[in-house]
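Engineer: Dropping in start08.cif, which is mmCIF, C-alpha atoms, pLDDT in the B column; chains and numbers go by the auth columns:
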data_data
loop_
_atom_site.group_PDB
_atom_site.id
_atom_site.type_symbol
_atom_site.label_atom_id
_atom_site.label_comp_id
_atom_site.label_asym_id
_atom_site.label_seq_id
_atom_site.Cartn_x
_atom_site.Cartn_y
_atom_site.Cartn_z
_atom_site.B_iso_or_equiv
_atom_site.auth_seq_id
_atom_site.auth_asym_id
ATOM 1 C CA MET A 1 16.403 22.106 -40.147 48.00 1054 A
ATOM 2 C CA GLY A 2 19.517 22.351 -38.058 52.00 1055 A
ATOM 3 C CA MET A 3 21.430 19.461 -36.588 52.00 1056 A
ATOM 4 C CA SER A 4 21.918 19.334 -32.873 52.00 1057 A
ATOM 5 C CA ALA A 5 25.487 19.574 -31.647 56.00 1058 A
ATOM 6 C CA GLY A 6 25.123 16.527 -29.460 56.00 1059 A
ATOM 7 C CA GLY A 7 25.207 14.144 -32.408 57.00 1060 A
ATOM 8 C CA GLY A 8 21.813 12.779 -31.358 60.00 1061 A
ATOM 9 C CA SER A 9 18.539 12.975 -33.214 66.00 1062 A
ATOM 10 C CA SER A 10 17.268 15.774 -35.412 76.00 1063 A
ATOM 11 C CA TYR A 11 13.681 16.012 -34.162 79.00 1064 A
ATOM 12 C CA ASN A 12 11.751 19.218 -34.792 75.00 1065 A
ATOM 13 C CA SER A 13 9.582 20.232 -31.873 78.00 1066 A
ATOM 14 C CA ASP A 14 7.861 23.142 -33.690 81.00 1067 A
ATOM 15 C CA ILE A 15 4.166 22.869 -34.536 81.00 1068 A
ATOM 16 C CA ASN A 16 3.513 22.724 -38.277 82.00 1069 A
ATOM 17 C CA VAL A 17 0.323 24.722 -38.901 85.00 1070 A
ATOM 18 C CA THR A 18 0.430 24.581 -42.699 87.00 1071 A
ATOM 19 C CA PRO A 19 -1.850 21.501 -43.013 88.00 1072 A
ATOM 20 C CA MET A 20 -4.344 23.040 -40.587 89.00 1073 A
ATOM 21 C CA VAL A 21 -4.414 26.296 -42.568 91.00 1074 A
ATOM 22 C CA ASP A 22 -4.943 24.337 -45.782 93.00 1075 A
ATOM 23 C CA VAL A 23 -7.900 22.475 -44.295 93.00 1076 A
ATOM 24 C CA MET A 24 -9.412 25.690 -42.928 94.00 1077 A
ATOM 25 C CA LEU A 25 -9.132 27.425 -46.313 94.00 1078 A
ATOM 26 C CA VAL A 26 -10.834 24.499 -48.061 94.00 1079 A
ATOM 27 C CA LEU A 27 -13.658 24.558 -45.496 93.00 1080 A
ATOM 28 C CA LEU A 28 -14.021 28.321 -45.911 93.00 1081 A
ATOM 29 C CA ILE A 29 -14.331 27.972 -49.682 92.00 1082 A
ATOM 30 C CA ILE A 30 -16.908 25.197 -49.289 91.00 1083 A
ATOM 31 C CA PHE A 31 -19.010 27.339 -46.932 87.00 1084 A
ATOM 32 C CA ILE A 32 -18.763 30.352 -49.249 88.00 1085 A
ATOM 33 C CA VAL A 33 -20.026 28.282 -52.176 85.00 1086 A
ATOM 34 C CA VAL A 34 -22.739 26.344 -50.308 82.00 1087 A
ATOM 35 C CA THR A 35 -24.267 29.125 -48.188 76.00 1088 A
ATOM 36 C CA PRO A 36 -26.096 30.919 -51.037 69.00 1089 A
ATOM 37 C CA LEU A 37 -27.539 27.583 -52.149 66.00 1090 A
ATOM 38 C CA LEU A 38 -29.133 27.030 -48.735 65.00 1091 A
ATOM 39 C CA SER A 39 -31.462 30.003 -48.992 61.00 1092 A
ATOM 40 C CA GLN A 40 -34.871 28.908 -50.116 58.00 1093 A
ATOM 41 C CA GLY A 41 -36.589 30.558 -53.026 64.00 1094 A
ATOM 42 C CA VAL A 42 -35.774 33.543 -55.154 71.00 1095 A
ATOM 43 C CA ASN A 43 -33.939 36.680 -54.071 72.00 1096 A
ATOM 44 C CA VAL A 44 -36.555 39.281 -53.253 74.00 1097 A
ATOM 45 C CA ASN A 45 -36.054 42.727 -51.744 68.00 1098 A
ATOM 46 C CA LEU A 46 -38.726 42.439 -49.052 73.00 1099 A
ATOM 47 C CA PRO A 47 -40.625 45.369 -47.567 74.00 1100 A
ATOM 48 C CA GLU A 48 -39.481 46.385 -44.099 75.00 1101 A
ATOM 49 C CA ASN A 49 -41.546 46.437 -40.938 75.00 1102 A
ATOM 50 C CA ASP A 50 -40.812 47.447 -37.340 74.00 1103 A
ATOM 51 C CA ASN A 51 -41.867 44.214 -35.695 68.00 1104 A
ATOM 52 C CA PRO A 52 -42.568 41.266 -37.968 65.00 1105 A
ATOM 53 C CA ASP A 53 -43.171 38.007 -36.158 68.00 1106 A
ATOM 54 C CA GLU A 54 -40.556 35.497 -37.234 71.00 1107 A
ATOM 55 C CA ASP A 55 -42.074 32.195 -38.247 72.00 1108 A
ATOM 56 C CA PRO A 56 -39.482 29.417 -38.097 72.00 1109 A
ATOM 57 C CA ASN A 57 -41.589 27.288 -40.465 73.00 1110 A
ATOM 58 C CA ILE A 58 -40.801 29.480 -43.476 71.00 1111 A
ATOM 59 C CA THR A 59 -37.265 28.089 -43.738 70.00 1112 A
ATOM 60 C CA LYS A 60 -38.354 24.447 -43.773 74.00 1113 A
ATOM 61 C CA ASP A 61 -38.048 22.499 -46.998 71.00 1114 A
ATOM 62 C CA THR A 62 -41.704 21.509 -46.784 74.00 1115 A
ATOM 63 C CA SER A 63 -42.943 25.115 -46.649 81.00 1116 A
ATOM 64 C CA VAL A 64 -44.870 26.404 -49.633 86.00 1117 A
ATOM 65 C CA VAL A 65 -43.405 29.802 -50.516 87.00 1118 A
ATOM 66 C CA VAL A 66 -44.664 31.912 -53.413 89.00 1119 A
ATOM 67 C CA SER A 67 -42.153 34.567 -54.494 89.00 1120 A
ATOM 68 C CA ILE A 68 -43.024 37.541 -56.707 90.00 1121 A
ATOM 69 C CA PRO A 69 -39.768 39.276 -57.761 90.00 1122 A
ATOM 70 C CA GLN A 70 -41.550 41.375 -60.431 88.00 1123 A
ATOM 71 C CA ALA A 71 -45.115 41.944 -61.506 86.00 1124 A
ATOM 72 C CA GLY A 72 -46.158 38.935 -63.559 87.00 1125 A
ATOM 73 C CA GLN A 73 -43.307 36.664 -62.393 90.00 1126 A
ATOM 74 C CA TYR A 74 -44.159 33.894 -59.947 91.00 1127 A
ATOM 75 C CA TYR A 75 -41.995 31.270 -58.298 91.00 1128 A
ATOM 76 C CA VAL A 76 -43.044 28.443 -56.028 89.00 1129 A
ATOM 77 C CA GLY A 77 -39.868 27.631 -54.131 86.00 1130 A
ATOM 78 C CA ARG A 78 -37.192 28.092 -56.797 85.00 1131 A
ATOM 79 C CA GLU A 79 -39.296 26.974 -59.768 89.00 1132 A
ATOM 80 C CA PRO A 80 -40.863 29.578 -62.067 91.00 1133 A
ATOM 81 C CA VAL A 81 -44.622 29.135 -62.440 92.00 1134 A
ATOM 82 C CA ALA A 82 -47.084 30.751 -64.831 91.00 1135 A
ATOM 83 C CA ARG A 83 -49.972 32.636 -63.237 88.00 1136 A
ATOM 84 C CA THR A 84 -52.431 30.153 -64.743 89.00 1137 A
ATOM 85 C CA GLU A 85 -50.603 27.206 -63.121 90.00 1138 A
ATOM 86 C CA LEU A 86 -50.158 28.798 -59.704 89.00 1139 A
ATOM 87 C CA VAL A 87 -53.357 27.454 -58.103 89.00 1140 A
ATOM 88 C CA GLU A 88 -52.805 23.883 -59.317 91.00 1141 A
ATOM 89 C CA ARG A 89 -49.173 23.850 -58.175 90.00 1142 A
ATOM 90 C CA ILE A 90 -50.140 25.097 -54.709 87.00 1143 A
ATOM 91 C CA LYS A 91 -52.958 22.529 -54.422 87.00 1144 A
ATOM 92 C CA ARG A 92 -50.565 19.717 -55.367 88.00 1145 A
ATOM 93 C CA LEU A 93 -47.893 20.828 -52.880 86.00 1146 A
ATOM 94 C CA MET A 94 -50.429 21.153 -50.074 84.00 1147 A
ATOM 95 C CA ARG A 95 -51.768 17.646 -50.758 83.00 1148 A
ATOM 96 C CA GLU A 96 -48.202 16.290 -50.527 80.00 1149 A
ATOM 97 C CA LYS A 97 -47.664 17.860 -47.117 76.00 1150 A
ATOM 98 C CA ALA A 98 -48.300 15.699 -44.094 66.00 1151 A
ATOM 99 C CA LYS A 99 -51.626 16.326 -42.381 70.00 1152 A
ATOM 100 C CA LYS A 100 -49.876 17.232 -39.123 68.00 1153 A
ATOM 101 C CA GLU A 101 -47.900 20.040 -40.762 72.00 1154 A
ATOM 102 C CA GLU A 102 -49.313 23.532 -40.831 75.00 1155 A
ATOM 103 C CA GLN A 103 -51.230 24.273 -44.019 80.00 1156 A
ATOM 104 C CA VAL A 104 -49.788 27.761 -44.637 86.00 1157 A
ATOM 105 C CA VAL A 105 -48.662 29.420 -47.842 88.00 1158 A
ATOM 106 C CA TYR A 106 -46.104 32.218 -47.509 88.00 1159 A
ATOM 107 C CA ILE A 107 -45.895 35.112 -49.978 89.00 1160 A
ATOM 108 C CA ARG A 108 -42.571 36.894 -50.500 88.00 1161 A
ATOM 109 C CA ALA A 109 -43.187 39.892 -52.753 89.00 1162 A
ATOM 110 C CA GLU A 110 -40.639 42.458 -53.894 89.00 1163 A
ATOM 111 C CA LYS A 111 -41.480 45.804 -52.329 85.00 1164 A
ATOM 112 C CA THR A 112 -41.831 47.381 -55.792 89.00 1165 A
ATOM 113 C CA VAL A 113 -44.496 44.866 -56.905 89.00 1166 A
ATOM 114 C CA PRO A 114 -47.882 46.594 -57.231 91.00 1167 A
ATOM 115 C CA TYR A 115 -50.315 45.974 -54.390 89.00 1168 A
ATOM 116 C CA GLY A 116 -52.915 44.621 -56.813 90.00 1169 A
ATOM 117 C CA GLU A 117 -50.524 41.861 -57.893 90.00 1170 A
ATOM 118 C CA VAL A 118 -50.169 40.670 -54.299 91.00 1171 A
ATOM 119 C CA VAL A 119 -53.945 40.824 -53.770 91.00 1172 A
ATOM 120 C CA MET A 120 -54.523 38.729 -56.918 91.00 1173 A
ATOM 121 C CA THR A 121 -52.014 36.176 -55.603 91.00 1174 A
ATOM 122 C CA VAL A 122 -53.761 36.026 -52.225 92.00 1175 A
ATOM 123 C CA ASP A 123 -57.071 35.547 -54.049 91.00 1176 A
ATOM 124 C CA ALA A 124 -55.607 32.719 -56.153 88.00 1177 A
ATOM 125 C CA ILE A 125 -54.281 30.978 -53.039 89.00 1178 A
ATOM 126 C CA ARG A 126 -57.681 31.282 -51.352 90.00 1179 A
ATOM 127 C CA ASN A 127 -59.278 29.806 -54.487 85.00 1180 A
ATOM 128 C CA ALA A 128 -56.958 26.821 -53.964 83.00 1181 A
ATOM 129 C CA GLY A 129 -58.714 26.249 -50.618 86.00 1182 A
ATOM 130 C CA ILE A 130 -55.983 27.603 -48.337 86.00 1183 A
ATOM 131 C CA ASP A 131 -57.097 30.108 -45.698 85.00 1184 A
ATOM 132 C CA ARG A 132 -53.779 30.554 -43.852 87.00 1185 A
ATOM 133 C CA ILE A 133 -51.512 32.911 -45.764 89.00 1186 A
ATOM 134 C CA GLY A 134 -48.372 34.563 -44.430 86.00 1187 A
ATOM 135 C CA LEU A 135 -46.954 37.774 -45.872 84.00 1188 A
ATOM 136 C CA VAL A 136 -43.180 37.832 -45.373 84.00 1189 A
ATOM 137 C CA THR A 137 -41.394 41.066 -44.424 81.00 1190 A
ATOM 138 C CA GLU A 138 -37.965 41.983 -43.119 81.00 1191 A
ATOM 139 C CA LYS A 139 -37.283 43.594 -39.767 77.00 1192 A
ATOM 140 C CA ARG A 140 -36.404 47.263 -40.190 75.00 1193 A
ATOM 141 C CA LYS A 141 -32.803 47.932 -39.227 74.00 1194 A
ATOM 142 C CA LYS A 142 -32.189 50.347 -36.361 70.00 1195 A
ATOM 143 C CA LYS A 143 -30.252 53.454 -37.350 64.00 1196 A
#
Let's see the structure in the file written out as structure tokens.

Structural biologist:
Amino acid sequence: MGMSAGGGSSYNSDINVTPMVDVMLVLLIIFIVVTPLLSQGVNVNLPENDNPDEDPNITKDTSVVVSIPQAGQYYVGREPVARTELVERIKRLMREKAKKEEQVVYIRAEKTVPYGEVVMTVDAIRNAGIDRIGLVTEKRKKK
């Protein structure tokens, strides 16, 4: 800092942006770390479709989402579930949901999972007494 020639005060009228940059970098790091944790369920490479209807309910915490990343692997939310326990887990989660909420189970299957595996999962969900099942796809990207 330089001294003024007038012998008066030595105030600096420049804006110090260093603290603001520090705060912004901390916020950026927090968002980078937290954002992957916000996605619900397991990472699945979904099949693509030209016009899937987006259902905003799938991202709710109360949604029941069955993910099939590989044949024989099942997840309800983020928790791995054995095939034999799948029906009971879905029944329990649907009983815990409020009556006013939609009684829908969403299936997110990797596009390489055999069709028969998805059909067996749909059959298991229907055996649990749920008739509304949503198959989740991704919107095909325009080229």

Engineer: Counting only C-alpha atoms, figure out which residue out of A:Thr1165, A:Thr1174, A:Thr1115, A:Gln1126 gets nearest to Met1147 in chain A.

Structural biologist: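 Checking each candidate against Met1147 in chain A, we get A:Thr1115 as the closest.
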
Engineer: Figure out the distance between CA of Val1140 in chain A and CA of Val1097 in chain A, please, to one decimal in Å.

Structural biologist: 21.1 Å

Engineer: Where does the PyMOL selection byres ((chain A and resi 1127) around 12) land in this file, that is, which residues does it pick, as a ChimeraX atom specification?

Structural biologist: /A:1094-1095,1097,1118-1126,1128-1140,1142-1143,1160-1163,1166,1170-1171,1173-1174

Engineer: What is the distance, in Å and to one decimal place, between CA of Leu1188 in chain A and CA of Tyr1159 in chain A?

Structural biologist: 5.9 Å

Engineer: Tell me, as a VMD selection string, which residues lie within 12 Å of Asn1102 in chain A, counting only C-alpha atoms; anything in the same chain fewer than 3 positions away does not count.

Structural biologist: chain A and resid 1099 1105 to 1107 1164 1188 to 1195
